[in-house]
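This report refers to the structure that appears directly beneath it.
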Amino acid sequence: MYRIPRVELSAALLLTLLASRSALAQTTASQSITLPELSVEGSAAPVVTTSPTPGEKSGSVTVPSVAQQRAAVNSTVGSVAFVDAKDFQDRYTNALRDVLKDVPGVYVQERYGQELRLSIRGSGIARGFHLRGIEVLQDGIPFNLADGSGDFYQIDPLALRSAEVYKGGNALTFGATTLGGAVNFVTPTAYTALAPNILRIDGGSFGTIRENFQFSRISGPVDFMVNGTFTNSDGFRFHEAQRTQDFNANIGYQLAPGVETRFYLGGYLTDQKLPGSITLGQALNTPRIANPTAIAGNQSRHVETERVANRTSFLLDVGKLDIDTWAIHKNLYHPIFQVIDQDGWTYGISPHWAGSFDVGGFRNDTILGLRAFAGQNSAQQFINIRGQRGTPTLNSLQSASNYEAYGENRFWFLPDVALMTGAKLFSSNRTYSNKGGLPASPAVQYGNITYEGVNPKIGLLWQPLPDIQVFGDITRSRDVPDFGDLVQQNLISATFVPLAAQRAWTYEAGTRGHIDRLTWDVTVYRADLHDELINFSTNPGLGIPAATFNAPHTIHQGVEAAVSLDLVRDLTGIGDTLAVTQIWTHNDFHFVRDPVYGNNRIAGIPPDVLRTVLSYRHPSGFYFAPSVDWVPQGAFADHANTLQAPGYALFNIQTGIDFANGVSLFVDARNLTNEHYISDIAVVNNAQTAPGGAAALAAFYPGNGRSVFAGVRASF
């Protein structure tokens with residue numbers, strides 16, 4: 001039924017190699033709750049050192065230094081964000097919310113365990129499971145499956161060196177042109193690691209314990225890094241226990257001056273019990289209970305994923321060429337309303353060139369790329385008998401292929417003003433074959449659909465000072481349905497529904513910069529969507545996957561703002577700092593003269609999400625950071641707008657000390673007032689018409705109660 005991966009064996013072999021290497025001392029930098037620094041001067045293809053020495057943190061040909069990564073992100077004409085791992089290493093980072101919660105415009109909420117809702121600009125706004133409309137990459141190489149679907153469990157926060165957020169069409173640098181854009185999670189190499197050796201243990205509430213190790217070495221032209229994280233937790237709610245084992249490694253080799261190849265290896269095991277959604281009254285009064293159906297069916301998610309990828313890079317006379325190849329194997333055993341049993345492969349290749357050159361005496365930055373990736377997934381279903389396979393109900397094959405060409409150009413027609421133009425051409429095929437022959441699915445069914453198009457982009461970037469930018473752009477996005485949309489499930493059978501691709505024009509304007517004590521990042525945007533892929537759960541009490549339809553016309557618009565100010569410097573006369581950071585994400589997502597929902601709000605995401613952090617730092621390494629997460633009004637639970645979750649405010653405290661010898665201690669206390677609140681919702685079309693009415697609607701995921709986590713990290 002379920003195979004244990006060979007993660008432990010792989011880790012043991014690599015640790016044997018590591019045992020002979022000597023340690024190199026290095027002290028990690030202290031944590032800072034501030035907006036990313038701007039550093040945007042230079043070309044699109046930064047010059048990197050081909051043979052850096054440990055401690056210089058100068059990067060290598062395949063993976064630039066963290067400073068160069070930040071500079072590349074901030075050279076984008078549009079809304080982006082860069083997160084340094086130093087900013088979240090002293091938190092209990094169980095899920096991606098702990099990595100991305102300080103990024104304006106990114107809505108990320110936990111459901112249970114590592115399952116969460118990740119949405120940018122309303123991508124997949126009403127989808128109650130997994131991911132849609134955002135491309136997830138690790139080290140610049142796609143992590144999504146070939147049909148565009150994706151999960152979060154394989155991304156280990158403790159294995160990251162940075163995270164790059166490209167909102168909307170600004171992700172064209174990777175070839176992504178969905179409504180939400182892309183998030184690139186960058187793992188460390190021996191050249192960029194915070195320290196050659198890192199050992200960490202943390203834990204706390206809900207029976208949580210986690211161990212992490214990381215080792216990296218450089219030996220002549222060879223370098224390698226290996227990272228492993230093992231987590232066990234009972235969870236806040238009953239039937240929410242999780243067990244994860246994550247393993248990441250990379251090894252680089254300098255083939256010649258300016259030529260380097262790097263292999264990435266990953267093994268990821270997730271074993272998660274599912275508590276299910278409950279009613280609004282239950283979530284606010286008895287939030288720790290599980291849905292009885294989830295218990296009766298022993299609902300859970302077992303995911304085993306193996307990944308191998310390669311990047312080979314060439315420094316050319318003009319710019320740099322990267323050639324990426326990858327293969328991902330994923331096995332899913334998922335007892336919910338039925339037992340979903342899937343096994344599949346995704347594989348691809350992508351050459352990518354970036355460089356700068358003069359055109360008539362003017363600077364010009366260009367990015368060109370191709371991507372070809374495909375995959376097959378064997379999708380079977382069975383009657384769920386207390387978490388075990390019963391009678392088979394579906395035997396199908398899902399196949400996806402994608403061919404893409406993209407380019408972006410920034411022409412500096414004035415020393416401080418650039419015109420940006422770009423486009424992506426794509427052809428994406430989705431083929432579904434239901435083999436039939438089963439009592440619940442007797443007929444053979446075949447579906448085949450191809451999506452094609454061109455997504456253009458145009459914008460202006462004005463940089464009056466090295467640390468200040470003003471930008472505006474217009475982008476076209478297309479979201480191709482994945483098999484979670486195309487193969488719609490009910491109690492009887494699965495049916496292939498040939499949905500249209502979601503398309504939108506997005507207009508945005510913003511500014512980011514830094515002046516003395518003030519740092520800011522503010523963007524306003526408006527997306528005019530047609531055929532938006534809208535979901536609603538047909539029976540959230542039974543956990544049946546959502547139905548999907550194309551809404552004729554919708555609008556997504558909002559504000560993405562973050563401002564940080566050093567209130568007081570030298571508070572006690574010895575170089576300490578008191579700073580405040582305010583993050584605000586405003587979401588106005590609504591139908592436009594819809595034949596069913598009129599101009600109602602699209603359910604699933606609250607209109608405003610605010611986060612305030614007051615942080616004190618002392619040069620000795622001590623820090624203290626209370627914060628408030630405030631949602632003034634909760635999200636609607638239905639597109640008919642008849643039922644709305646209440647707002648809430650959470651008070652948190654984070655404190656710790658970083659010693660000069662590389663040892664760090666931290667405490668992360670959350671929801672100290674033990675607020676009962678709604679973290680996420682399985683959206684329905686009309687709560688009033690649900691069986692038993694709105695009071696019986698089991699569509700709500702309660703947020704975690706009061707919790708305290710603590711840990712120690714040694715870097716040497």
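We name chains A, B, ... following the order of the structure tokens; residues begin at 1 in each chain, and ligands are numbered from 1 as shown.
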
Practice prompt. Could you find all residues in stretch 375-491 of chain A that DSSP calls alpha helix (DSSP H) from the backbone, and write them as an MDAnalysis selection string?
Written response: chainID A and resid 483:486

Worksheet entry | Which of stretch 232-420 of chain A fall in strand (DSSP E), as an NGL selection string | :A and (232-233 or 242-256 or 259-273 or 300-315 or 320-335 or 338-359 or 362-385 or 388-414 or 417-420)

Practice prompt. One decimal, Å: what's the distance from atom CA of A:Arg91 over to atom CA of A:Leu665, could you say?
Written response: 10.2 Å

Practice prompt. Can you pull out every residue within 9 Å of A:Thr178, counting only C-alpha atoms, but drop anything in the same chain fewer than 5 positions away, and send it as a count of residues only?
Written response: 15

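In terms of minimum interatomic distance to A:Gln381, A:Asp343 ranks closest within A:Phe413, A:Phe247, A:Asp343, A:Asn364, counting only C-alpha atoms.
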
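Within 12 Å of A:Gln633, once only C-alpha atoms are used and residues closer than 2 positions along the same chain are dropped, the contacting residues are His586, Asn587, Gly604, Ile605, Pro606, Pro607, Asp608, Val609, Leu610, Trp630, Val631, Ala635, Phe636, Gln644, Ala645, Pro646, Gly647, Tyr648, Ala649, Tyr677 and Ile678 of chain A.
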
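When only C-alpha atoms are used to measure the gap to A:Asn377, the shortest distance among A:Ser428, A:Ser356, A:Gln109, A:Ser149 belongs to A:Ser149.
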
Practice prompt. Show which residues sit within 7 Å of A:Thr244, as a list in words. Count only C-alpha atoms, and ignore same-chain residues fewer than 3 positions away.
Written response: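 What passes the distance filter is Phe230, Thr231, Asn232, Leu269, Thr270 and Asp271 of chain A.
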
Would you export the selected residues with N, CA, C and O atoms as a compact mmCIF listing (two decimals), in the first residue's frame, please?
```txt
# COMPACT_ATOMS: atom_id res chain seq x y z
N PHE A 230 13.67 16.35 10.20
CA PHE A 230 12.76 15.29 10.63
C PHE A 230 11.80 15.89 11.65
O PHE A 230 12.23 16.41 12.69
N THR A 231 10.51 15.84 11.36
CA THR A 231 9.48 16.49 12.18
C THR A 231 8.43 15.48 12.63
O THR A 231 7.97 14.67 11.83
N ASN A 232 8.07 15.56 13.90
CA ASN A 232 6.96 14.80 14.43
C ASN A 232 6.09 15.73 15.27
O ASN A 232 6.60 16.49 16.09
N LEU A 269 9.18 12.80 2.42
CA LEU A 269 8.12 11.94 2.93
C LEU A 269 7.19 12.75 3.80
O LEU A 269 7.63 13.42 4.74
N THR A 270 5.90 12.71 3.48
CA THR A 270 4.89 13.35 4.32
C THR A 270 3.84 12.32 4.70
O THR A 270 3.28 11.64 3.84
N ASP A 271 3.59 12.20 5.99
CA ASP A 271 2.57 11.30 6.53
C ASP A 271 1.69 12.15 7.44
O ASP A 271 2.06 12.45 8.57
```

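Distance annotation: of A:Val61, A:Leu578, A:Ala400, A:Val183, the residue with the minimal separation from A:Phe373 is A:Ala400; atom set is only C-alpha atoms.
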
Item to complete: Find the distance between atom CA of A:Leu118 and atom CA of A:Asn641 and write it in Å to one decimal.
Response: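 Separating atom CA of A:Leu118 from atom CA of A:Asn641 is a distance of 22.0 Å.
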
Worksheet entry | Who sits within 7 Å of stretch 185-197 of chain A, only C-alpha atoms, same chain under 4 positions skipped, as a PyMOL selection string | chain A and resi 23-24+26+28+54+57-60+65-66+137-139+159-164+214-218+223-225+715-716

Fill in: 7 Å contact set for stretch 458-463 of chain A, only C-alpha atoms, chain neighbours under 4 positions out, as a ChimeraX atom specification
/A:77,416-422,468-475

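Shortest atom-to-atom contact with A:Leu370 among A:Pro545, A:Pro442, A:Gly180, A:Gly175: A:Gly175, counting only C-alpha atoms.
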